[in-house]
Amino acid sequence: MKAMIFAAGLGTRLRPLTDTRPKALIDVGGVPMLERVLIRLKDCGVTDVVVNVHHFADMICDFLHEYGICDILNVSVSDEREKLLDTGGGLLKAQSLLGDDDDILLYNADILTDFDIQPMVDWHKISGSDVSLLVGDRNTSRYLLLDDTNRMRGWCNSATGEVRPSMPESTVSGLHHRAFGGVHIVSPSIFESLDDYGHEHGDAFSIMPFYIKECSRLKITGYTPDRSYNWFDIGKPDSLERARQSLSSI
């Protein structure tokens, strides 16, 4: 399987830490986040990885060059130095590096989690999904809306009341509200639609609005691990500290 790590972000929520380094190289428990993600991908059988870069791109490239695991993994860099493309635009730009012959595991470099990835990979293949999203019953303001078959039907912001696509409140309340966990698997079948979306919205765009727009046509499903697991968004100072404390206690 191939994978892409989103490591290009500015990490504005972590300033001043990210004034001198990229978010992907923030240290958590004595190990840079990018290293932790690479190890997890290697351990679940990934052979080819694309890492996108923008903020302090040279530091990430130097790290990848020096890091020994890259002798085992085939690591390529998708260079976004000229323009930060966000997750959707970043994936589209990296298409030529990822190819169209295998599913792609997408992993946000600021997500620290220890759930078992392989069952999610198996789920994706068995379900026939175009996209499988790691989801959890976690408090947030933005929720994916899933039906009883775990298929995505929309998205809502509980803080503002915004619902996309528009649907009656009775329909929204009847759907399962789940938080997205920053790990997803996509099939090459999405690239044609993703390219069309890029032509319509420009080359820099988030992938979630694409999922929202296409969830009635593409089979986008939520995956919930059977066993409990740890999950931290280290892109925020408070959860970064919780992650560091959690690792120091193990």
# chains A, B, ... in the order shown; residues from 1 in each chain; ligands from 1
call {"tool": "residues_around", "arguments": {"residues": "Ile190 (chain A)", "least_positions_apart": "2", "cutoff": "12 Å", "atoms": "only C-alpha atoms", "output": "PDB file with N, CA, C and O atoms, in the first residue's frame"}}
result
ATOM      1  N   GLY A  88      -6.680  18.747   0.039  1.00  0.00           N
ATOM      2  CA  GLY A  88      -7.218  18.322  -1.251  1.00  0.00           C
ATOM      3  C   GLY A  88      -6.301  18.661  -2.402  1.00  0.00           C
ATOM      4  O   GLY A  88      -5.992  17.811  -3.252  1.00  0.00           O
ATOM      5  N   LEU A  91      -3.108  16.500  -2.209  1.00  0.00           N
ATOM      6  CA  LEU A  91      -3.282  15.141  -2.724  1.00  0.00           C
ATOM      7  C   LEU A  91      -3.311  15.144  -4.243  1.00  0.00           C
ATOM      8  O   LEU A  91      -2.686  14.294  -4.893  1.00  0.00           O
ATOM      9  N   LEU A  92      -4.009  16.115  -4.819  1.00  0.00           N
ATOM     10  CA  LEU A  92      -4.100  16.181  -6.273  1.00  0.00           C
ATOM     11  C   LEU A  92      -2.726  16.422  -6.897  1.00  0.00           C
ATOM     12  O   LEU A  92      -2.375  15.791  -7.904  1.00  0.00           O
ATOM     13  N   GLN A  95      -0.577  13.261  -7.033  1.00  0.00           N
ATOM     14  CA  GLN A  95      -1.124  12.109  -7.756  1.00  0.00           C
ATOM     15  C   GLN A  95      -0.078  11.425  -8.629  1.00  0.00           C
ATOM     16  O   GLN A  95      -0.004  10.197  -8.685  1.00  0.00           O
ATOM     17  N   ASP A 100      -1.872   5.372  -9.767  1.00  0.00           N
ATOM     18  CA  ASP A 100      -3.307   5.070  -9.750  1.00  0.00           C
ATOM     19  C   ASP A 100      -3.573   3.568  -9.710  1.00  0.00           C
ATOM     20  O   ASP A 100      -4.616   3.105 -10.155  1.00  0.00           O
ATOM     21  N   ASP A 102      -3.174   1.627  -6.719  1.00  0.00           N
ATOM     22  CA  ASP A 102      -3.338   1.088  -5.367  1.00  0.00           C
ATOM     23  C   ASP A 102      -4.057   2.112  -4.498  1.00  0.00           C
ATOM     24  O   ASP A 102      -4.054   3.312  -4.792  1.00  0.00           O
ATOM     25  N   ASP A 103      -4.703   1.624  -3.441  1.00  0.00           N
ATOM     26  CA  ASP A 103      -5.309   2.520  -2.470  1.00  0.00           C
ATOM     27  C   ASP A 103      -4.221   3.340  -1.777  1.00  0.00           C
ATOM     28  O   ASP A 103      -3.060   2.931  -1.715  1.00  0.00           O
ATOM     29  N   ILE A 104      -4.618   4.498  -1.243  1.00  0.00           N
ATOM     30  CA  ILE A 104      -3.666   5.421  -0.630  1.00  0.00           C
ATOM     31  C   ILE A 104      -4.119   5.749   0.787  1.00  0.00           C
ATOM     32  O   ILE A 104      -5.253   6.191   1.001  1.00  0.00           O
ATOM     33  N   SER A 129     -15.541   0.801  -0.430  1.00  0.00           N
ATOM     34  CA  SER A 129     -15.636   2.257  -0.314  1.00  0.00           C
ATOM     35  C   SER A 129     -14.647   2.958  -1.237  1.00  0.00           C
ATOM     36  O   SER A 129     -13.551   2.466  -1.499  1.00  0.00           O
ATOM     37  N   ASP A 130     -15.058   4.126  -1.702  1.00  0.00           N
ATOM     38  CA  ASP A 130     -14.126   5.005  -2.409  1.00  0.00           C
ATOM     39  C   ASP A 130     -13.226   5.712  -1.399  1.00  0.00           C
ATOM     40  O   ASP A 130     -12.055   5.978  -1.683  1.00  0.00           O
ATOM     41  N   VAL A 131     -13.789   6.001  -0.234  1.00  0.00           N
ATOM     42  CA  VAL A 131     -13.056   6.678   0.839  1.00  0.00           C
ATOM     43  C   VAL A 131     -13.478   6.067   2.166  1.00  0.00           C
ATOM     44  O   VAL A 131     -14.672   5.844   2.407  1.00  0.00           O
ATOM     45  N   SER A 132     -12.508   5.777   3.031  1.00  0.00           N
ATOM     46  CA  SER A 132     -12.786   5.343   4.400  1.00  0.00           C
ATOM     47  C   SER A 132     -12.142   6.340   5.353  1.00  0.00           C
ATOM     48  O   SER A 132     -10.966   6.666   5.203  1.00  0.00           O
ATOM     49  N   ILE A 185      -8.395   6.602   4.001  1.00  0.00           N
ATOM     50  CA  ILE A 185      -7.907   5.790   2.887  1.00  0.00           C
ATOM     51  C   ILE A 185      -8.752   6.118   1.671  1.00  0.00           C
ATOM     52  O   ILE A 185      -9.990   6.140   1.757  1.00  0.00           O
ATOM     53  N   VAL A 186      -8.098   6.402   0.568  1.00  0.00           N
ATOM     54  CA  VAL A 186      -8.820   6.727  -0.660  1.00  0.00           C
ATOM     55  C   VAL A 186      -8.432   5.756  -1.767  1.00  0.00           C
ATOM     56  O   VAL A 186      -7.294   5.293  -1.828  1.00  0.00           O
ATOM     57  N   SER A 187      -9.392   5.449  -2.601  1.00  0.00           N
ATOM     58  CA  SER A 187      -9.138   4.641  -3.782  1.00  0.00           C
ATOM     59  C   SER A 187      -8.815   5.554  -4.954  1.00  0.00           C
ATOM     60  O   SER A 187      -9.265   6.706  -4.999  1.00  0.00           O
ATOM     61  N   PRO A 188      -8.049   5.067  -5.932  1.00  0.00           N
ATOM     62  CA  PRO A 188      -7.721   5.900  -7.094  1.00  0.00           C
ATOM     63  C   PRO A 188      -8.951   6.394  -7.845  1.00  0.00           C
ATOM     64  O   PRO A 188      -8.866   7.364  -8.598  1.00  0.00           O
ATOM     65  N   GLU A 192     -10.583  11.479 -10.538  1.00  0.00           N
ATOM     66  CA  GLU A 192     -11.288  12.195 -11.603  1.00  0.00           C
ATOM     67  C   GLU A 192     -12.191  13.274 -11.003  1.00  0.00           C
ATOM     68  O   GLU A 192     -12.190  14.428 -11.454  1.00  0.00           O
ATOM     69  N   SER A 193     -12.949  12.899  -9.962  1.00  0.00           N
ATOM     70  CA  SER A 193     -13.819  13.874  -9.300  1.00  0.00           C
ATOM     71  C   SER A 193     -13.005  14.935  -8.569  1.00  0.00           C
ATOM     72  O   SER A 193     -13.384  16.109  -8.542  1.00  0.00           O
ATOM     73  N   LEU A 194     -11.888  14.526  -7.972  1.00  0.00           N
ATOM     74  CA  LEU A 194     -11.032  15.476  -7.260  1.00  0.00           C
ATOM     75  C   LEU A 194     -10.445  16.499  -8.225  1.00  0.00           C
ATOM     76  O   LEU A 194     -10.354  17.691  -7.903  1.00  0.00           O
ATOM     77  N   ASP A 195     -10.079  16.045  -9.395  1.00  0.00           N
ATOM     78  CA  ASP A 195      -9.548  16.948 -10.412  1.00  0.00           C
ATOM     79  C   ASP A 195     -10.621  17.944 -10.859  1.00  0.00           C
ATOM     80  O   ASP A 195     -10.347  19.140 -11.008  1.00  0.00           O
ATOM     81  N   ASP A 196     -11.847  17.455 -11.071  1.00  0.00           N
ATOM     82  CA  ASP A 196     -12.951  18.347 -11.445  1.00  0.00           C
ATOM     83  C   ASP A 196     -13.194  19.388 -10.350  1.00  0.00           C
ATOM     84  O   ASP A 196     -13.424  20.571 -10.639  1.00  0.00           O
ATOM     85  N   TYR A 197     -13.135  18.950  -9.097  1.00  0.00           N
ATOM     86  CA  TYR A 197     -13.345  19.862  -7.976  1.00  0.00           C
ATOM     87  C   TYR A 197     -12.248  20.932  -7.947  1.00  0.00           C
ATOM     88  O   TYR A 197     -12.514  22.107  -7.699  1.00  0.00           O
ATOM     89  N   ILE A 207      -9.688  18.890   1.628  1.00  0.00           N
ATOM     90  CA  ILE A 207     -10.353  17.710   1.085  1.00  0.00           C
ATOM     91  C   ILE A 207     -11.724  17.476   1.697  1.00  0.00           C
ATOM     92  O   ILE A 207     -12.585  16.856   1.076  1.00  0.00           O
ATOM     93  N   PHE A 210     -14.662  18.630  -0.348  1.00  0.00           N
ATOM     94  CA  PHE A 210     -14.805  17.708  -1.480  1.00  0.00           C
ATOM     95  C   PHE A 210     -15.596  16.476  -1.052  1.00  0.00           C
ATOM     96  O   PHE A 210     -16.519  16.038  -1.744  1.00  0.00           O
ATOM     97  N   TYR A 211     -15.252  15.913   0.106  1.00  0.00           N
ATOM     98  CA  TYR A 211     -15.994  14.754   0.603  1.00  0.00           C
ATOM     99  C   TYR A 211     -17.467  15.115   0.812  1.00  0.00           C
ATOM    100  O   TYR A 211     -18.360  14.328   0.487  1.00  0.00           O
ATOM    101  N   GLU A 214     -19.277  15.321  -2.513  1.00  0.00           N
ATOM    102  CA  GLU A 214     -19.374  14.087  -3.276  1.00  0.00           C
ATOM    103  C   GLU A 214     -19.964  12.909  -2.500  1.00  0.00           C
ATOM    104  O   GLU A 214     -20.087  11.810  -3.042  1.00  0.00           O
ATOM    105  N   CYS A 215     -20.358  13.113  -1.235  1.00  0.00           N
ATOM    106  CA  CYS A 215     -20.768  11.957  -0.426  1.00  0.00           C
ATOM    107  C   CYS A 215     -22.053  11.303  -0.911  1.00  0.00           C
ATOM    108  O   CYS A 215     -22.323  10.143  -0.567  1.00  0.00           O
ATOM    109  N   ARG A 217     -22.589  10.735  -4.068  1.00  0.00           N
ATOM    110  CA  ARG A 217     -22.214   9.983  -5.275  1.00  0.00           C
ATOM    111  C   ARG A 217     -21.127   8.959  -5.005  1.00  0.00           C
ATOM    112  O   ARG A 217     -21.232   7.793  -5.416  1.00  0.00           O
ATOM    113  N   LEU A 218     -20.080   9.373  -4.294  1.00  0.00           N
ATOM    114  CA  LEU A 218     -19.023   8.437  -3.923  1.00  0.00           C
ATOM    115  C   LEU A 218     -19.422   7.692  -2.649  1.00  0.00           C
ATOM    116  O   LEU A 218     -20.177   8.211  -1.831  1.00  0.00           O
ATOM    117  N   LYS A 219     -18.907   6.491  -2.487  1.00  0.00           N
ATOM    118  CA  LYS A 219     -19.161   5.742  -1.258  1.00  0.00           C
ATOM    119  C   LYS A 219     -18.084   6.119  -0.244  1.00  0.00           C
ATOM    120  O   LYS A 219     -16.960   5.632  -0.303  1.00  0.00           O
ATOM    121  N   ILE A 220     -18.456   7.004   0.671  1.00  0.00           N
ATOM    122  CA  ILE A 220     -17.550   7.487   1.705  1.00  0.00           C
ATOM    123  C   ILE A 220     -18.065   6.964   3.042  1.00  0.00           C
ATOM    124  O   ILE A 220     -19.190   7.271   3.441  1.00  0.00           O
TER     125      ILE A 220
END
call {"tool": "residues_around", "arguments": {"residues": "Tyr67 (chain A)", "least_positions_apart": "3", "cutoff": "12 Å", "atoms": "only C-alpha atoms", "output": "PyMOL selection string"}}
result
chain A and resi 31-32+34-36+38-39+59-64+70-73+75
call {"tool": "atom_distance", "arguments": {"atom1": "CA of Thr140 (chain A)", "atom2": "CA of Glu80 (chain A)"}}
result
29.6 Å
call {"tool": "atom_distance", "arguments": {"atom1": "CA of Leu144 (chain A)", "atom2": "CA of Lys236 (chain A)"}}
result
20.9 Å
call {"tool": "residues_around", "arguments": {"residues": "Leu134 (chain A)", "least_positions_apart": "5", "cutoff": "12 Å", "atoms": "only C-alpha atoms", "output": "ChimeraX atom specification"}}
result
/A:105-108,111,113,115-117,119-121,123-124,144,150,152,178-186,220-226,229,231
call {"tool": "atom_distance", "arguments": {"atom1": "CA of Asn52 (chain A)", "atom2": "CA of Arg21 (chain A)"}}
result
15.2 Å
call {"tool": "closest_residue", "arguments": {"among": "A:Asp86, A:His55, A:Met33, A:Leu97", "to": "Gly202 (chain A)", "atoms": "only C-alpha atoms"}}
result
A:Asp86
call {"tool": "closest_residue", "arguments": {"among": "A:His199, A:Lys125, A:Lys23, A:Arg164", "to": "Arg142 (chain A)", "atoms": "only C-alpha atoms"}}
result
A:Arg164
call {"tool": "closest_residue", "arguments": {"among": "A:Thr18, A:Gln118, A:Phe56, A:Ser158", "to": "Asp43 (chain A)", "atoms": "only C-alpha atoms"}}
result
A:Gln118
call {"tool": "select_by_dssp", "arguments": {"residues": "region 31-209 of chain A", "states": "strand (DSSP E)", "output": "ChimeraX atom specification"}}
result
/A:31-32,48-53,74-79,104-108,111-113,131-136,142-146,152-157,163-164,176-186
call {"tool": "select_by_dssp", "arguments": {"residues": "region 34-178 of chain A", "states": "alpha helix (DSSP H)", "output": "JSON, numbers by chain"}}
result
{"A": [34, 35, 36, 37, 38, 39, 40, 41, 42, 43, 57, 58, 59, 60, 61, 62, 63, 64, 65, 66, 86, 87, 88, 89, 90, 91, 92, 93, 95, 96, 97, 98, 117, 118, 119, 120, 121, 122, 123, 124, 125, 126, 127, 169, 170, 171, 172, 173]}
